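Asker: My structure is in start_18.txt, and what it holds is compact mmCIF, C-alpha atoms:
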```txt
# COMPACT_ATOMS: atom_id res chain seq x y z
CA MET A 1 15.14 12.54 -29.47
CA PRO A 2 14.24 8.80 -29.65
CA PRO A 3 12.94 7.45 -26.34
CA LYS A 4 15.31 5.62 -24.01
CA VAL A 5 14.16 3.23 -21.29
CA GLY A 6 16.08 1.86 -18.30
CA VAL A 7 15.89 -1.75 -17.11
CA ILE A 8 16.90 -2.84 -13.60
CA ALA A 9 16.77 -6.63 -13.31
CA ASN A 10 17.69 -8.07 -9.93
CA PRO A 11 19.32 -11.48 -10.63
CA ILE A 12 18.95 -12.65 -7.01
CA SER A 13 15.51 -11.41 -5.94
CA GLY A 14 13.37 -13.94 -4.11
CA ARG A 15 16.15 -15.84 -2.31
CA ASP A 16 15.25 -15.32 1.34
CA ILE A 17 14.25 -17.75 4.09
CA ARG A 18 10.61 -17.68 2.95
CA ARG A 19 11.71 -19.79 -0.02
CA VAL A 20 12.66 -22.53 2.45
CA ILE A 21 9.67 -22.44 4.80
CA ALA A 22 7.03 -21.68 2.15
CA LYS A 23 6.19 -22.97 -1.33
CA ALA A 24 7.36 -20.13 -3.57
CA ASN A 25 8.67 -20.76 -7.06
CA SER A 26 12.34 -20.07 -7.68
CA LEU A 27 13.09 -18.27 -10.95
CA GLN A 28 16.36 -19.37 -12.50
CA ILE A 29 18.62 -16.97 -14.37
CA ALA A 30 17.46 -18.28 -17.75
CA ASP A 31 13.84 -17.64 -16.75
CA ARG A 32 14.63 -14.08 -15.68
CA ALA A 33 16.51 -13.52 -18.93
CA ASN A 34 13.49 -14.74 -20.87
CA ILE A 35 11.37 -12.15 -19.06
CA VAL A 36 13.84 -9.42 -20.05
CA VAL A 37 13.72 -10.52 -23.68
CA ARG A 38 9.93 -10.46 -23.70
CA LEU A 39 9.69 -6.94 -22.30
CA LEU A 40 12.40 -5.75 -24.73
CA ALA A 41 10.30 -7.08 -27.60
CA GLY A 42 7.35 -5.08 -26.30
CA LEU A 43 9.47 -1.93 -26.05
CA ALA A 44 10.75 -2.34 -29.61
CA ALA A 45 7.22 -2.78 -30.94
CA CYS A 46 6.41 0.69 -29.59
CA GLY A 47 9.40 2.45 -31.10
CA VAL A 48 11.94 2.26 -28.27
CA GLU A 49 15.35 1.76 -29.87
CA ASP A 50 17.67 2.34 -26.92
CA VAL A 51 17.68 0.51 -23.57
CA VAL A 52 20.18 0.97 -20.75
CA MET A 53 20.50 -1.81 -18.18
CA MET A 54 21.98 -2.24 -14.73
CA PRO A 55 25.10 -4.46 -14.85
CA GLU A 56 25.14 -7.58 -12.64
CA ARG A 57 27.25 -10.66 -11.96
CA GLY A 58 24.53 -13.29 -12.09
CA GLY A 59 24.71 -13.91 -15.82
CA LEU A 60 21.22 -12.61 -16.50
CA ALA A 61 22.31 -10.09 -19.15
CA GLY A 62 24.46 -12.67 -20.94
CA HIS A 63 21.53 -15.08 -21.16
CA ALA A 64 19.25 -12.31 -22.44
CA LEU A 65 21.69 -11.16 -25.11
CA ARG A 66 22.14 -14.74 -26.35
CA GLN A 67 18.36 -15.25 -26.55
CA MET A 68 18.04 -11.98 -28.48
CA ALA A 69 20.77 -13.01 -30.91
CA GLN A 70 19.11 -16.39 -31.50
CA SER A 71 15.74 -14.72 -32.13
CA ALA A 72 17.33 -12.27 -34.55
CA VAL A 73 18.91 -15.12 -36.54
CA ARG A 74 15.52 -16.78 -36.80
CA GLY A 75 13.87 -13.48 -37.72
CA ASN A 76 11.36 -13.92 -34.90
CA ALA A 77 11.58 -10.56 -33.14
CA ARG A 78 13.00 -7.05 -33.17
CA PHE A 79 14.81 -5.64 -30.14
CA PRO A 80 16.25 -2.30 -29.01
CA SER A 81 19.99 -1.83 -28.71
CA VAL A 82 21.16 -2.54 -25.15
CA SER A 83 23.95 -0.79 -23.25
CA PHE A 84 25.01 -0.95 -19.60
CA ILE A 85 25.61 1.70 -16.97
CA GLU A 86 29.21 2.05 -15.86
CA MET A 87 29.08 1.42 -12.13
CA PRO A 88 30.60 -0.88 -9.50
CA VAL A 89 28.64 -4.08 -8.90
CA THR A 90 28.21 -5.20 -5.29
CA GLY A 91 25.44 -7.78 -5.64
CA THR A 92 23.36 -5.91 -3.04
CA ALA A 93 20.34 -3.59 -3.07
CA ALA A 94 22.80 -0.72 -3.44
CA ASP A 95 23.21 -1.69 -7.11
CA SER A 96 19.52 -1.02 -7.81
CA ARG A 97 19.68 2.32 -5.99
CA ILE A 98 22.78 3.47 -7.86
CA ALA A 99 21.39 2.35 -11.22
CA ALA A 100 18.04 4.07 -10.61
CA LYS A 101 19.74 7.33 -9.69
CA ALA A 102 21.99 7.15 -12.76
CA MET A 103 19.08 6.36 -15.09
CA SER A 104 17.05 9.24 -13.69
CA ALA A 105 19.99 11.57 -14.35
CA MET A 106 20.13 10.24 -17.94
CA ASP A 107 16.51 11.35 -18.36
CA VAL A 108 15.19 7.96 -19.44
CA GLY A 109 11.48 7.90 -20.20
CA ALA A 110 10.82 5.18 -17.64
CA ILE A 111 12.55 2.44 -15.61
CA ILE A 112 11.32 -1.16 -15.80
CA VAL A 113 12.09 -3.09 -12.61
CA LEU A 114 12.36 -6.88 -12.32
CA GLY A 115 12.25 -8.00 -8.71
CA GLY A 116 10.13 -8.22 -5.61
CA ASP A 117 8.96 -5.57 -3.18
CA GLY A 118 12.50 -4.90 -1.92
CA THR A 119 13.94 -4.22 -5.37
CA HIS A 120 11.05 -1.93 -6.26
CA ARG A 121 11.53 -0.08 -2.98
CA ALA A 122 15.22 0.49 -3.74
CA VAL A 123 14.43 1.89 -7.19
CA ALA A 124 11.53 4.05 -6.04
CA ALA A 125 13.77 5.66 -3.44
CA GLU A 126 16.13 6.98 -6.14
CA CYS A 127 14.07 7.34 -9.34
CA GLY A 128 12.94 10.91 -8.65
CA ALA A 129 10.41 12.06 -11.24
CA THR A 130 11.11 9.10 -13.55
CA PRO A 131 8.15 6.67 -13.61
CA ILE A 132 8.72 2.97 -12.98
CA ALA A 133 7.02 -0.15 -14.30
CA GLY A 134 7.11 -3.28 -12.18
CA VAL A 135 7.67 -6.90 -13.23
CA SER A 136 7.13 -9.44 -10.46
CA THR A 137 10.07 -11.83 -9.86
CA GLY A 138 10.42 -11.83 -6.05
CA THR A 139 9.09 -13.93 -3.18
CA ASN A 140 6.32 -11.69 -1.90
CA ASN A 141 5.18 -9.45 -4.73
CA ALA A 142 2.59 -7.12 -3.21
CA PHE A 143 3.75 -4.02 -5.06
CA PRO A 144 4.49 -5.18 -8.65
CA GLU A 145 1.37 -6.41 -10.37
CA ILE A 146 1.55 -9.84 -12.02
CA ARG A 147 1.30 -9.36 -15.79
CA GLU A 148 2.86 -10.68 -19.01
CA PRO A 149 6.18 -8.77 -19.43
CA THR A 150 5.55 -8.17 -23.14
CA ILE A 151 2.52 -6.05 -22.22
CA THR A 152 4.51 -4.17 -19.59
CA GLY A 153 7.06 -3.41 -22.32
CA TYR A 154 4.29 -2.26 -24.66
CA ALA A 155 2.80 0.12 -22.10
CA THR A 156 6.17 1.50 -21.00
CA GLY A 157 7.21 2.11 -24.61
CA LEU A 158 3.95 3.93 -25.40
CA VAL A 159 4.42 6.29 -22.46
CA ALA A 160 8.18 6.79 -22.98
CA SER A 161 7.65 7.62 -26.65
CA GLY A 162 4.90 10.12 -25.87
CA ALA A 163 2.26 8.17 -27.80
CA VAL A 164 0.18 8.04 -24.62
CA PRO A 165 -0.06 11.27 -22.59
CA LYS A 166 1.39 11.19 -19.09
CA GLU A 167 -1.93 12.24 -17.60
CA ILE A 168 -3.33 8.98 -18.97
CA GLY A 169 -0.33 6.69 -18.61
CA LEU A 170 0.99 7.56 -15.15
CA LYS A 171 -0.51 7.09 -11.71
CA PRO A 172 0.78 8.43 -8.38
CA ASN A 173 1.68 6.10 -5.54
CA LYS A 174 1.80 6.32 -1.76
CA TRP A 175 4.64 5.15 0.42
CA LEU A 176 5.41 4.95 4.13
CA GLU A 177 8.30 6.85 5.71
CA VAL A 178 10.02 5.66 8.88
CA ARG A 179 12.31 7.87 10.95
CA ILE A 180 14.23 7.09 14.12
CA ASP A 181 15.11 10.10 16.29
CA GLY A 182 14.36 12.42 13.38
CA GLY A 183 17.05 10.84 11.21
CA PRO A 184 16.93 10.09 7.47
CA ALA A 185 13.69 8.57 6.21
CA GLU A 186 13.54 4.90 5.23
CA ILE A 187 10.63 4.03 2.95
CA ALA A 188 8.28 1.12 2.39
CA LEU A 189 6.04 0.86 -0.66
CA VAL A 190 3.53 -1.53 0.90
CA ASP A 191 3.94 -2.13 4.62
CA VAL A 192 5.92 -1.38 7.75
CA ALA A 193 5.84 -4.10 10.42
CA LEU A 194 7.14 -3.85 13.97
CA VAL A 195 8.21 -7.06 15.67
CA SER A 196 9.40 -7.75 19.19
CA GLN A 197 12.69 -9.32 18.03
CA GLN A 198 15.59 -6.87 18.28
CA ASN A 199 18.04 -8.84 16.14
CA LEU A 200 17.66 -8.68 12.36
CA GLY A 201 18.60 -12.34 11.86
CA ALA A 202 17.44 -13.71 8.51
CA ARG A 203 15.58 -10.41 7.90
CA ALA A 204 12.47 -11.89 6.30
CA LEU A 205 9.37 -12.02 8.51
CA TRP A 206 8.09 -15.50 9.31
CA ARG A 207 7.92 -15.88 13.12
CA THR A 208 4.33 -14.74 13.55
CA GLU A 209 4.38 -14.77 17.37
CA THR A 210 6.68 -11.72 17.27
CA PHE A 211 4.35 -9.54 15.14
CA ARG A 212 3.17 -6.48 17.10
CA GLU A 213 2.21 -3.57 14.81
CA LEU A 214 1.48 -3.19 11.11
CA TYR A 215 1.13 -0.08 8.94
CA VAL A 216 0.12 -0.39 5.27
CA ALA A 217 -0.08 2.03 2.36
CA PHE A 218 -2.64 -0.24 0.68
CA ALA A 219 -4.26 -3.54 1.61
CA ASP A 220 -5.49 -6.05 -0.94
CA PRO A 221 -7.03 -9.37 0.17
CA GLN A 222 -5.75 -10.95 -3.09
CA LEU A 223 -2.10 -10.43 -2.09
CA ILE A 224 0.30 -12.33 0.14
CA GLY A 225 2.67 -11.02 2.79
CA MET A 226 2.10 -8.69 5.72
CA SER A 227 -0.28 -6.48 3.76
CA ALA A 228 -2.56 -9.51 3.32
CA ILE A 229 -3.32 -9.35 7.05
CA ALA A 230 -4.65 -5.82 6.65
CA GLY A 231 -6.40 -6.70 3.39
CA LEU A 232 -8.42 -9.39 5.15
CA ILE A 233 -9.45 -6.90 7.83
CA GLU A 234 -10.27 -3.79 5.75
CA PRO A 235 -9.23 -3.52 2.08
CA VAL A 236 -7.55 -0.22 1.10
CA GLY A 237 -6.96 0.68 -2.56
CA ARG A 238 -3.72 2.03 -3.99
CA ASP A 239 -5.56 5.20 -5.00
CA GLU A 240 -7.31 5.81 -1.67
CA ARG A 241 -6.02 8.70 0.43
CA HIS A 242 -5.36 6.69 3.58
CA GLY A 243 -3.70 3.53 4.76
CA LEU A 244 -4.37 1.19 7.68
CA MET A 245 -2.70 0.54 11.02
CA LEU A 246 -3.15 -2.64 13.09
CA ARG A 247 -2.09 -3.72 16.56
CA LEU A 248 -1.16 -7.42 16.53
CA ALA A 249 -0.69 -10.05 19.23
CA PRO A 250 -0.05 -13.80 19.48
CA ALA A 251 -3.06 -15.68 18.11
CA SER A 252 -3.52 -17.49 21.43
CA VAL A 253 -4.42 -14.28 23.30
CA ALA A 254 -5.85 -11.94 20.62
CA PRO A 255 -9.59 -11.20 20.44
CA LEU A 256 -9.57 -11.70 16.64
CA VAL A 257 -7.59 -14.18 14.55
CA VAL A 258 -7.02 -13.90 10.80
CA GLN A 259 -5.85 -16.82 8.68
CA ALA A 260 -3.38 -14.86 6.56
CA PRO A 261 -1.15 -15.97 3.65
CA ILE A 262 2.11 -14.40 4.81
CA ALA A 263 4.19 -16.16 2.12
CA PRO A 264 3.42 -18.37 -0.90
CA GLY A 265 1.74 -21.50 0.41
CA LEU A 266 2.20 -20.42 4.04
CA VAL A 267 -1.05 -19.55 5.84
CA GLU A 268 -0.70 -18.64 9.51
CA PRO A 269 -3.12 -17.52 12.25
CA ILE A 270 -2.42 -13.86 13.05
CA GLY A 271 -3.87 -12.26 16.17
CA VAL A 272 -5.37 -8.78 15.76
CA GLU A 273 -6.20 -6.60 18.76
CA GLN A 274 -7.47 -3.51 16.94
CA TRP A 275 -7.17 -1.47 13.75
CA ARG A 276 -7.94 1.95 12.35
CA ARG A 277 -7.30 4.00 9.25
CA LEU A 278 -3.94 5.71 8.80
CA PRO A 279 -4.34 9.30 7.56
CA ALA A 280 -1.81 10.68 5.07
CA GLY A 281 0.74 13.23 6.23
CA GLN A 282 0.34 12.61 9.97
CA PRO A 283 3.39 11.13 11.80
CA ILE A 284 2.41 8.25 14.09
CA ALA A 285 4.46 7.04 17.08
CA PRO A 286 4.17 3.26 17.53
CA ASP A 287 3.30 1.67 20.87
CA LEU A 288 6.07 -0.94 20.79
CA ALA A 289 8.95 0.31 22.95
CA ALA A 290 11.75 -1.76 21.42
CA GLY A 291 12.20 -4.22 18.59
CA SER A 292 12.94 -4.26 14.90
CA ILE A 293 11.24 -2.71 11.89
CA ALA A 294 10.53 -4.56 8.65
CA LEU A 295 10.11 -2.62 5.42
CA ASP A 296 8.04 -4.49 2.83
CA GLY A 297 8.58 -7.78 4.62
CA GLU A 298 12.30 -7.54 5.44
CA ARG A 299 13.72 -6.41 8.78
CA GLU A 300 15.97 -3.44 8.15
CA LEU A 301 16.09 -1.42 11.40
CA THR A 302 16.25 -1.95 15.16
CA PHE A 303 15.22 0.48 17.90
CA HIS A 304 15.25 0.64 21.71
CA SER A 305 13.15 2.32 24.37
CA ARG A 306 15.17 5.54 24.39
CA GLN A 307 14.61 6.20 20.69
CA ASN A 308 11.69 7.98 19.07
CA VAL A 309 10.17 6.24 16.04
CA SER A 310 7.70 7.92 13.67
CA ILE A 311 5.79 6.45 10.74
CA ARG A 312 4.08 8.63 8.13
CA LEU A 313 2.00 7.86 5.04
CA VAL A 314 3.03 10.07 2.09
CA GLU A 315 0.80 10.66 -0.93
CA ASN A 316 2.09 11.29 -4.50
CA ALA A 317 5.52 9.95 -3.57
CA PHE A 318 6.41 8.54 -7.02
CA ASP A 319 4.80 7.56 -10.32
CA THR A 320 4.26 4.21 -11.99
CA ILE A 321 3.14 3.23 -15.48
CA ASP A 322 -0.59 2.48 -15.41
CA VAL A 323 -0.38 -0.49 -17.77
CA ALA A 324 -4.14 -1.15 -17.88
CA ALA A 325 -4.97 2.50 -18.64
CA VAL A 326 -2.24 2.74 -21.28
CA MET A 327 -3.36 -0.36 -23.14
CA ARG A 328 -7.01 0.72 -23.00
CA PHE A 329 -6.07 4.11 -24.47
CA ALA A 330 -3.89 2.49 -27.14
CA ALA A 331 -6.69 0.17 -28.18
CA THR A 332 -9.31 2.93 -28.21
CA LYS A 333 -7.13 5.26 -30.27
CA GLY A 334 -5.83 2.53 -32.58
CA LEU A 335 -2.19 3.19 -31.70
CA LEU A 336 -1.08 -0.38 -32.39
CA ARG A 337 -2.96 -1.06 -35.59
CA GLU A 338 -2.52 -0.01 -39.22
CA ARG A 339 -4.23 -0.73 -42.50
CA ASN A 340 -2.79 -3.37 -44.80
CA LYS A 341 -1.97 -1.37 -47.93
CA ALA A 342 -2.13 -4.53 -50.04
CA CYS A 343 -5.83 -4.81 -49.21
CA VAL A 344 -6.78 -1.19 -49.96
```
Let me see the structure of the file written as structure tokens.
Answerer:
Amino acid sequence: MPPKVGVIANPISGRDIRRVIAKANSLQIADRANIVVRLLAGLAACGVEDVVMMPERGGLAGHALRQMAQSAVRGNARFPSVSFIEMPVTGTAADSRIAAKAMSAMDVGAIIVLGGDGTHRAVAAECGATPIAGVSTGTNNAFPEIREPTITGYATGLVASGAVPKEIGLKPNKWLEVRIDGGPAEIALVDVALVSQQNLGARALWRTETFRELYVAFADPQLIGMSAIAGLIEPVGRDERHGLMLRLAPASVAPLVVQAPIAPGLVEPIGVEQWRRLPAGQPIAPDLAAGSIALDGERELTFHSRQNVSIRLVENAFDTIDVAAVMRFAATKGLLRERNKACV
């Protein structure tokens, strides 16, 4: 059966308060559509003929289809056929969750996600055994690696078609699980932050004086966002079998202060009281008695002193396309080259 790939493109990712107080770029719909067209060209080059997309109301798909039609008229590129999942559209993160679950049930070879950390979190929660490939279009993009979308399409197509073995093309990922009073788990792909504010407000984290605890699955000093704080203290790789946990305090009273880029162009002094490694599989009870919990930079939950909160790092939670490994394998094995018969 020819390979089929899913595409979930969030038309409104990266529109939180950090866009106002920081210096992040704002991708317009036409720009997002251009990214979709580029990754579709990469998929087609690797033999993917069928793509199913999440429907949306932002006009992204319409822009992409028009760009594809114009390219076809000019004879510039070849694209897969595109269809859309039949589902209600709410314009919320629920759309990404529903689409991911539907695509997984359709047995697509992979799901390409356009968005920030929040969109990738929504898809990872519902993709099951289906691997995902990330394209960065959000505000804080700690989870999706920044890369030319055409190459992401190439790598995804090579894995979905079976040209690159899964043991080469896929890599397992950690995530963090949060439970309140033993209830359903909420996940974070990068970080869980506890702040002293009990109202969710604008959701995005930016009032640094309220930061109290931070738990990260990985910590890279090259990134921005909450995980950057941990990355500047003790880097932790995506493939390492532990995370990091930090106790934070206002910079004016903390024994250690880190100048951390918590949003694009926004560097703030963050007070750190102490830190230690977070072992996988071991539930941790935070010290903060009441406040709110941010998952990958956005406040999603509140809790009070009579509730029990647990945070646990989970290994091998879901798979992603290892773009670098796939392209290395493809180059080594000559998967994307052929002899010119006219020259033989």
Asker: Pick out the closest residue to Pro269 in chain A from this set: A:Val309, A:Ala44, A:Val257, A:Ala325. Count all atoms listed in the file.
Answerer: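 Smallest separation from Pro269 in chain A among the options: A:Val257.
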Asker: Record the distance separating CA of Thr92 in chain A and CA of Gly115 in chain A, expressed in Å with one decimal.
Answerer: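 Going from CA of Thr92 in chain A over to CA of Gly115 in chain A covers 12.6 Å.
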Asker: What does the distance between CA of Pro279 in chain A and CA of Ala294 in chain A come to in Å, to one decimal place?
Answerer: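 Taking CA of Pro279 in chain A and CA of Ala294 in chain A, their separation equals 20.4 Å.
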Asker: Please provide as a PyMOL selection string all residues within 9 Å of Gly109 in chain A, with the sequence filter that same-chain residues fewer than 3 positions apart are discarded (counting only C-alpha atoms).
Answerer: chain A and resi 3-6+104+130-131+156-157+159-162
Asker: Those same residues - C-alpha atoms - I'd like them written as a PDB file, in the coordinates of the input.
Answerer:
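Output file out-v8.pdb is given in full below:
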```
ATOM      1  CA  PRO A   3      12.940   7.450 -26.340  1.00  0.00           C
ATOM      2  CA  LYS A   4      15.310   5.620 -24.010  1.00  0.00           C
ATOM      3  CA  VAL A   5      14.160   3.230 -21.290  1.00  0.00           C
ATOM      4  CA  GLY A   6      16.080   1.860 -18.300  1.00  0.00           C
ATOM      5  CA  SER A 104      17.050   9.240 -13.690  1.00  0.00           C
ATOM      6  CA  THR A 130      11.110   9.100 -13.550  1.00  0.00           C
ATOM      7  CA  PRO A 131       8.150   6.670 -13.610  1.00  0.00           C
ATOM      8  CA  THR A 156       6.170   1.500 -21.000  1.00  0.00           C
ATOM      9  CA  GLY A 157       7.210   2.110 -24.610  1.00  0.00           C
ATOM     10  CA  VAL A 159       4.420   6.290 -22.460  1.00  0.00           C
ATOM     11  CA  ALA A 160       8.180   6.790 -22.980  1.00  0.00           C
ATOM     12  CA  SER A 161       7.650   7.620 -26.650  1.00  0.00           C
ATOM     13  CA  GLY A 162       4.900  10.120 -25.870  1.00  0.00           C
TER      14      GLY A 162
END
```
Asker: Set the distance at 12 Å and use all atoms listed in the file: which residues neighbour Leu246 in chain A once local chain neighbours fewer than 4 positions away are removed? I'd like the list as a PyMOL selection string.
Answerer: chain A and resi 191-194+211-216+219+226-234+256+270-278+286-287
Asker: In terms of the shortest atom-to-atom distance over only C-alpha atoms, which of A:Ile321, A:Ala289, A:Val178, A:Val89 is closest to Gly134 in chain A?
Answerer: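 Ranking A:Ile321, A:Ala289, A:Val178, A:Val89 by distance to Gly134 in chain A, first place goes to A:Ile321.
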Asker: Tell me which protein, DNA and RNA residues are within 8 Å of range 45-60 of chain A, counting all atoms listed in the file, leaving out same-chain ones fewer than 3 positions away, and put them as an MDAnalysis selection string.
Answerer: chainID A and resid 2:12 29:30 32:33 41:42 63:64 78:87 89 91 95:96 99 103 154 157:158 160:161
Asker: If I take CA of Leu336 in chain A and CA of Ile151 in chain A, how far is one from the other in Å, to one decimal?
Answerer: 12.2 Å
Asker: With a distance cut-off of 6 Å and only C-alpha atoms, select the neighbouring residues of Ile224 in chain A, excluding the residue or stretch itself and same-chain residues fewer than 4 positions from it, and output the selection as a list of chain:residue names.
Answerer: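 Using only C-alpha atoms, the neighbours found are A:Ala228, A:Pro261, A:Ile262, A:Ala263.
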Asker: With a distance cut-off of 9 Å and all atoms listed in the file, select the neighbouring residues of Ala125 in chain A, excluding the residue or stretch itself and same-chain residues fewer than 6 positions from it, and output the selection as a ChimeraX atom specification.
Answerer: /A:97,100-101,186-187,318
Asker: Rank nothing, just name the residue among A:Val314, A:Gly243, A:Gln198, A:Val113 nearest to Thr302 in chain A, using all atoms listed in the file.
Answerer: A:Gln198
Asker: Using only C-alpha atoms, which residue out of A:Pro283, A:Gly334, A:Gly265, A:Gly128 lies closest to Arg179 in chain A?
Answerer: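 Smallest separation from Arg179 in chain A among the options: A:Pro283.
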Asker: For each of A:Glu315, A:Glu300, A:Asp117, A:Glu145, take the minimum atom-to-atom distance to Gln197 in chain A, counting only C-alpha atoms, then give the residue where this is smallest.
Answerer: A:Glu300
Asker: Which is closest to Pro184 in chain A among A:Ala94, A:Cys343, A:Asn316, A:Ser310, if we use all atoms listed in the file?
Answerer: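 When distances to Pro184 in chain A are compared using all atoms listed in the file, the smallest one comes from A:Ser310.
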